[in-house]
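Dumped protein.txt below, it's compact mmCIF, C-alpha atoms and all ligand atoms:
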# COMPACT_ATOMS: atom_id res chain seq x y z
CA GLN T 13 90.79 149.35 123.96
CA LEU T 14 91.51 150.11 120.30
CA HIS T 15 89.66 148.26 117.62
CA PRO T 16 91.93 145.75 115.82
CA LEU T 17 91.31 147.43 112.46
CA TYR T 18 92.63 150.68 113.87
CA LEU T 19 95.75 149.00 115.16
CA SER T 20 96.40 147.32 111.82
CA GLY T 21 97.32 150.68 110.31
CA CYS T 22 100.42 150.70 112.48
CA PRO T 23 101.69 147.17 112.85
CA THR T 24 103.33 146.26 116.08
CA THR T 25 103.69 142.94 117.80
CA ALA T 26 100.80 144.15 119.97
CA ASN T 27 98.25 143.24 117.28
CA CYS T 28 99.69 139.85 116.38
CA GLY T 29 96.81 138.24 118.20
CA SER T 30 94.31 139.51 115.65
CA LEU T 31 96.34 139.90 112.45
CA GLY T 32 95.29 137.19 110.01
CA THR T 33 91.74 136.97 111.36
CA PRO T 34 88.57 137.95 109.44
CA THR T 35 88.38 141.31 111.21
CA ASN T 36 92.04 142.03 110.58
CA PRO T 37 93.25 140.11 107.53
CA ALA T 38 96.93 140.27 106.63
CA LEU T 39 98.06 141.47 103.23
CA SER T 40 99.85 138.17 102.69
CA CYS T 41 101.51 135.37 104.64
CA GLU T 42 104.76 137.26 104.20
CA HIS T 43 103.19 140.38 105.73
CA LEU T 44 101.98 138.32 108.67
CA LYS T 45 105.44 136.81 109.12
CA SER T 46 107.13 140.21 108.94
CA VAL T 47 104.84 141.71 111.59
CA CYS T 48 104.57 138.65 113.79
CA ALA T 49 107.84 136.75 113.45
CA ASP T 50 106.80 133.96 115.80
CA THR T 51 103.47 133.17 114.15
CA ALA T 52 102.98 129.43 113.71
CA SER T 53 102.20 127.71 110.42
CA ASP T 54 98.42 127.58 110.20
CA PHE T 55 95.39 128.86 108.31
CA TYR T 56 95.03 132.65 108.33
CA TYR T 57 92.95 135.24 106.56
CA ILE T 58 94.55 137.41 103.95
CA GLU T 59 92.99 140.06 101.77
CA SER T 60 92.88 139.40 98.05
CA ALA T 61 90.96 141.47 95.49
CA GLY T 62 88.97 143.08 98.31
CA LEU T 63 87.89 139.73 99.74
CA TYR T 64 88.98 138.01 102.90
CA HIS T 65 90.31 134.64 102.06
CA LYS T 66 91.58 131.77 104.17
CA VAL T 67 94.97 130.41 103.23
CA PHE T 68 97.53 128.11 104.82
CA CYS T 69 100.64 130.11 105.72
CA GLU T 70 103.82 128.06 105.94
CA MET T 71 106.00 129.87 108.47
CA ASP T 72 108.71 127.28 109.08
CA ILE T 73 110.43 126.39 105.81
CA GLU T 74 112.82 128.63 103.84
CA GLY T 75 112.32 131.70 106.00
CA GLY T 76 108.53 131.32 106.27
CA GLY T 77 105.87 133.70 104.99
CA TRP T 78 104.72 131.33 102.20
CA ALA T 79 101.13 130.92 101.06
CA ARG T 80 100.48 127.26 100.29
CA TYR T 81 98.55 126.04 97.26
CA GLY T 82 98.05 122.57 95.87
CA ARG T 83 96.73 119.28 97.09
CA SER T 84 97.47 116.50 99.50
CA ASN T 85 95.85 113.11 99.21
CA GLN T 86 93.38 113.56 102.03
CA GLY T 87 90.33 112.18 100.31
CA THR T 88 92.31 111.35 97.20
CA THR T 89 94.78 108.64 96.43
CA TRP T 90 97.49 109.17 93.91
CA ASN T 91 98.87 105.73 93.27
CA TYR T 92 98.99 105.51 89.51
CA VAL T 93 102.11 103.46 88.83
CA ASP T 94 102.99 102.41 85.28
CA GLU T 95 99.31 102.91 84.50
CA ASP T 96 98.30 102.25 80.90
CA ALA T 97 94.52 102.21 81.16
CA ALA T 98 92.99 104.63 83.66
CA GLU T 99 92.04 108.02 82.23
CA ILE T 100 92.28 110.62 84.97
CA THR T 101 91.94 114.38 85.28
CA LEU T 102 93.62 116.01 88.26
CA ASP T 103 93.27 119.69 89.08
CA ILE T 104 96.25 120.53 91.24
CA ILE T 105 95.92 124.33 91.36
CA ASN T 106 92.70 125.81 90.03
CA ALA T 107 92.26 128.92 87.91
CA SER T 108 91.07 131.12 90.78
CA GLU T 109 94.17 130.20 92.78
CA VAL T 110 96.42 131.12 89.85
CA LYS T 111 94.53 134.42 89.59
CA GLU T 112 95.17 135.03 93.27
CA MET T 113 98.89 134.37 92.79
CA THR T 114 98.87 136.97 90.03
CA ASP T 115 96.76 139.49 91.97
CA LEU T 116 99.05 139.24 94.99
CA LYS T 117 102.11 139.65 92.77
CA TYR T 118 103.94 136.68 94.16
CA ASN T 119 107.37 136.34 92.57
CA ARG T 120 109.02 133.58 94.57
CA PHE T 121 107.85 130.00 94.42
CA LEU T 122 108.79 126.63 95.85
CA VAL T 123 107.37 123.35 94.62
CA GLN T 124 107.40 120.53 97.13
CA THR T 125 106.04 117.08 96.43
CA ASP T 126 106.73 113.43 97.09
CA VAL T 127 105.12 112.52 93.78
CA VAL T 128 106.96 110.28 91.35
CA PHE T 129 106.01 111.46 87.87
CA LYS T 130 106.68 109.78 84.52
CA MET T 131 104.91 109.78 81.19
CA LYS T 132 105.96 108.26 77.90
CA ALA T 133 105.16 107.45 74.30
CA ASP T 134 107.16 104.67 72.70
CA ASP T 135 106.32 104.05 69.04
CA SER T 136 102.85 105.22 69.97
CA VAL T 137 100.53 108.22 70.22
CA ASN T 138 99.76 109.30 73.78
CA PRO T 139 96.95 111.88 73.97
CA SER T 140 97.71 112.80 77.60
CA ARG T 141 97.90 116.57 78.12
CA LEU T 142 99.42 118.39 81.09
CA THR T 143 98.97 122.07 81.85
CA THR T 144 101.79 123.91 83.54
CA ARG T 145 102.47 127.46 84.77
CA SER T 146 105.93 128.83 84.24
CA LEU T 147 107.86 130.19 87.22
CA PRO T 148 107.89 132.96 88.16
CA TRP T 149 105.68 134.48 85.42
CA LEU T 150 102.83 131.95 85.62
CA GLU T 151 102.45 131.70 81.86
CA GLU T 152 100.15 128.84 80.95
CA SER T 153 102.04 126.25 78.90
CA PRO T 154 100.90 122.85 77.67
CA LEU T 155 103.22 119.89 78.11
CA PHE T 156 102.64 116.78 75.99
CA ILE T 157 104.32 114.35 73.64
CA PRO T 158 103.36 115.56 70.16
CA ASP T 159 102.15 113.24 67.39
CA TYR T 160 103.85 109.89 67.18
CA GLY T 161 106.31 109.44 70.03
CA ASN T 162 109.21 107.79 68.29
CA ASP T 163 111.31 105.21 70.01
CA HIS T 164 110.93 105.84 73.71
CA THR T 165 110.12 109.48 74.50
CA ARG T 166 109.73 109.85 78.26
CA ILE T 167 109.35 112.84 80.57
CA GLU T 168 109.91 112.74 84.30
CA PHE T 169 111.25 114.81 87.18
CA PRO T 170 115.04 114.92 86.98
CA SER T 171 116.99 113.66 89.94
CA GLY T 172 116.79 116.18 92.80
CA SER T 173 114.10 118.55 91.46
CA VAL T 174 110.34 118.60 91.10
CA ASP T 175 109.77 121.99 89.45
CA ARG T 176 110.91 120.93 85.98
CA VAL T 177 111.11 117.84 83.79
CA THR T 178 113.71 116.13 81.70
CA CYS T 179 113.11 114.22 78.48
CA ILE T 180 114.70 110.81 78.13
CA PRO T 181 115.09 109.63 74.54
CA GLY T 182 115.59 106.31 72.83
CA SER T 183 117.59 106.12 69.61
CA SER T 184 115.12 108.65 68.16
CA SER T 185 112.58 110.65 70.11
CA LYS T 186 110.24 113.63 70.25
CA CYS T 187 112.42 115.33 72.87
CA GLY T 188 112.91 118.97 71.88
CA GLN T 189 110.36 118.71 69.05
CA GLY T 190 107.33 120.52 70.39
CA GLY T 191 104.77 119.98 73.12
CA GLY T 192 106.98 121.92 75.52
CA LEU T 193 109.37 118.98 75.72
CA PRO T 194 112.96 119.81 76.70
CA THR T 195 115.74 118.56 74.45
CA ALA T 196 117.04 115.02 74.90
CA ASN T 197 118.37 114.72 78.46
CA GLY T 198 117.90 118.48 78.85
CA LEU T 199 115.80 120.34 81.40
CA SER T 200 112.61 122.32 80.94
CA LYS T 201 112.28 125.76 82.47
CA PRO T 202 110.83 125.70 86.00
CA PHE T 203 107.06 125.35 86.36
CA PHE T 204 104.33 123.90 88.49
CA PHE T 205 101.57 121.58 87.33
CA GLN T 206 98.18 123.25 87.22
CA SER T 207 96.21 120.29 85.87
CA LEU T 208 96.84 116.83 84.48
CA PHE T 209 94.93 114.79 81.95
CA PHE T 210 96.35 111.30 81.62
CA SER T 211 94.68 109.39 78.83
CA PRO T 212 96.89 106.55 77.57
CA ARG T 213 94.08 104.97 75.53
CA GLY T 214 91.91 108.02 74.89
CA THR T 215 90.77 109.58 71.62
CA GLY T 216 93.63 109.55 69.15
CA ALA T 217 95.72 107.03 71.08
CA SER T 218 97.57 104.29 69.30
CA ALA T 219 100.29 101.86 70.29
CA HIS T 220 102.41 99.49 68.26
CA ASN T 221 100.82 96.00 68.49
CA ASP T 222 98.27 97.45 70.95
CA GLN T 223 100.94 97.35 73.63
CA TRP T 224 99.41 100.10 75.71
CA ASN T 225 102.22 100.10 78.22
CA ARG T 226 104.04 102.13 75.58
CA ASN T 227 101.80 105.01 76.79
CA LYS T 228 102.14 104.34 80.50
CA TYR T 229 102.35 107.05 83.14
CA THR T 230 103.13 107.28 86.84
CA TRP T 231 101.69 109.84 89.26
CA ASP T 232 102.35 108.36 92.66
CA GLY T 233 102.59 110.27 95.91
CA SER T 234 100.68 111.96 98.70
CA TYR T 235 101.06 115.72 98.20
CA TYR T 236 101.89 118.38 95.64
CA PHE T 237 102.28 121.85 97.14
CA VAL T 238 103.28 125.14 95.62
CA TYR T 239 104.48 127.75 98.10
CA ALA T 240 104.37 131.39 97.00
CA LYS T 241 105.34 134.76 98.38
C1 LIG Y 1 89.88 126.42 94.00
O1 LIG Y 1 90.51 125.73 95.04
C2 LIG Y 1 90.27 126.30 96.31
C3 LIG Y 1 91.15 125.57 97.31
O2 LIG Y 1 90.92 124.20 97.28
C4 LIG Y 1 88.79 126.20 96.64
O3 LIG Y 1 88.53 126.78 97.91
C5 LIG Y 1 88.00 126.95 95.58
O4 LIG Y 1 86.63 126.75 95.79
C6 LIG Y 1 88.36 126.42 94.18
N1 LIG Y 1 87.74 127.28 93.20
C7 LIG Y 1 87.13 126.80 92.12
C8 LIG Y 1 86.54 127.81 91.20
O5 LIG Y 1 87.05 125.61 91.91
Reformat the file's structure so that it appears as structure tokens.
Amino acid sequence: QLHPLYLSGCPTTANCGSLGTPTNPALSCEHLKSVCADTASDFYYIESAGLYHKVFCEMDIEGGGWARYGRSNQGTTWNYVDEDAAEITLDIINASEVKEMTDLKYNRFLVQTDVVFKMKADDSVNPSRLTTRSLPWLEESPLFIPDYGNDHTRIEFPSGSVDRVTCIPGSSSKCGQGGGLPTANGLSKPFFFQSLFFSPRGTGASAHNDQWNRNKYTWDGSYYFVYAK
């Protein structure tokens, strides 16, 4: 009987039973999928920066072999709808997970979420700040409505995609004028959300006639996942 570590040097379907375990971590979910085509979606061990690390490998969608990052609402509820008061900070993907994505040289990404996202400033100042990572290079980029959001500046997911935003203007707007905002009715480059700070009434906030719904936001859904390979 050969030790699993010995077998791992020469992958065959014979060692599928142990590949992805602590004694025989895979190099990645994609490696596991390539060696063991029939492996089910589940948690497996992969090796990252010399450490064994447990990760959920999604083997069923888009060819499989994806490492999954992000959050679902087990233990959390995301039901902020047209919220103009609650200040919330949400870490979707933390810094060590982004580092792992870089270390493992992932270059393909899929964002999947059922979240409805909207944020606006309408004749108001909205201090909310969102942190994104560009795809596929993972450059950290802030996304916010700068200064005074003239007549109705709103960002949201465009119809049919969740890895970018569009900016919906009123007669005048801050679209295309900083803060990472795309041009009016244009699209941003693809990204995923790393962290969110919604603060419609926080430090620096102001709203015409104290109508705080001018700074309202929506983050409503049950999961936000980023798949990488
Ligand atoms: C980052 O998130 C992962 C997955 O939820 C968790 O295991 C890890 O402890 C977090 N790291 C930090 C530094 O918060």
What residues of the protein or nucleic acid chains come within 8 Å of ligand LIG 1 (chain Y) when you use only C-alpha atoms and all ligand atoms? Reply as a PyMOL selection string. chain T and resi 81-83+105-109
Could you jot down the CA of Cys41 in chain T to CA of Val238 in chain T separation for me, Å, one decimal place? 13.8 Å
Computed gap from CA of Gly182 in chain T to CA of Pro139 in chain T is 19.5 Å
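Closest approach to Asp72 in chain T among T:Thr51, T:Ser173, T:Ser136, T:Ser218 is made by T:Thr51 (distances from all atoms listed in the file).
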Extract, using only C-alpha atoms, all DNA, RNA and protein residues at most 7 Å from Leu155 in chain T, discarding same-chain residues fewer than 5 positions from it, and format them as an mmCIF file with C-alpha atoms, keeping the file's coordinate frame.
data_model
loop_
_atom_site.group_PDB
_atom_site.id
_atom_site.type_symbol
_atom_site.label_atom_id
_atom_site.label_comp_id
_atom_site.auth_asym_id
_atom_site.auth_seq_id
_atom_site.Cartn_x
_atom_site.Cartn_y
_atom_site.Cartn_z
ATOM 1 C CA ARG T 141 97.900 116.570 78.120
ATOM 2 C CA LEU T 142 99.420 118.390 81.090
ATOM 3 C CA THR T 143 98.970 122.070 81.850
ATOM 4 C CA THR T 144 101.790 123.910 83.540
ATOM 5 C CA GLY T 191 104.770 119.980 73.120
ATOM 6 C CA GLY T 192 106.980 121.920 75.520
ATOM 7 C CA LEU T 193 109.370 118.980 75.720
#
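Coordinates place CA of Phe121 in chain T at a distance of 29.5 Å from CA of Asp94 in chain T.
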Need to verify the contact set: Tyr57 in chain T, 10 Å, all atoms listed in the file, exclusion of same-chain residues closer than 5 positions in sequence. Can you return it as a list of chain:residue names?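 The neighbour list is T:Leu31, T:Gly32, T:Thr33, T:Pro34, T:Thr35, T:Asn36, T:Pro37, T:Ala38, T:Leu39, T:Ser40, T:Cys41, T:Leu44, T:Leu63, T:Tyr64, T:His65, T:Lys66, T:Val67, T:Phe68, T:Cys69.
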Ranking T:Ala133, T:Ile104, T:Ala219, T:Leu122 by minimum distance to Gln206 in chain T and counting only C-alpha atoms, which one comes first?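 Selected residue with least distance to Gln206 in chain T: T:Ile104.
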Taking into account only C-alpha atoms, which residue in the set T:Leu199, T:Val47, T:Val174, T:Met131 is nearest to Phe156 in chain T? T:Met131
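With distances taken over all atoms listed in the file, T:Lys228 is the one residue among T:Lys130, T:Lys228, T:Lys201, T:Arg176 lying closest to Ala97 in chain T.
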Neighbours of point (113.2, 130.4, 100.7) within 9 Å, using only C-alpha atoms, written as a PyMOL selection string: chain T and resi 73-76+78+120-122
Residues near Val137 in chain T, anyone? I mean within 12 Å using all atoms listed in the file, not counting same-chain ones fewer than 3 positions away, as number ranges by chain. T: 131-134, 140-141, 156-165, 186, 211-220, 222-228
Long-range neighbours of Thr178 in chain T as a PyMOL selection string, 6 Å cut-off, only C-alpha atoms, 2 positions minimum in chain: chain T and resi 167-168+170+197-199
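Compared by their closest atoms to Ser46 in chain T, and using only C-alpha atoms, the residues T:Val177, T:Ala240, T:Met71, T:Ile58 rank with T:Met71 nearest.
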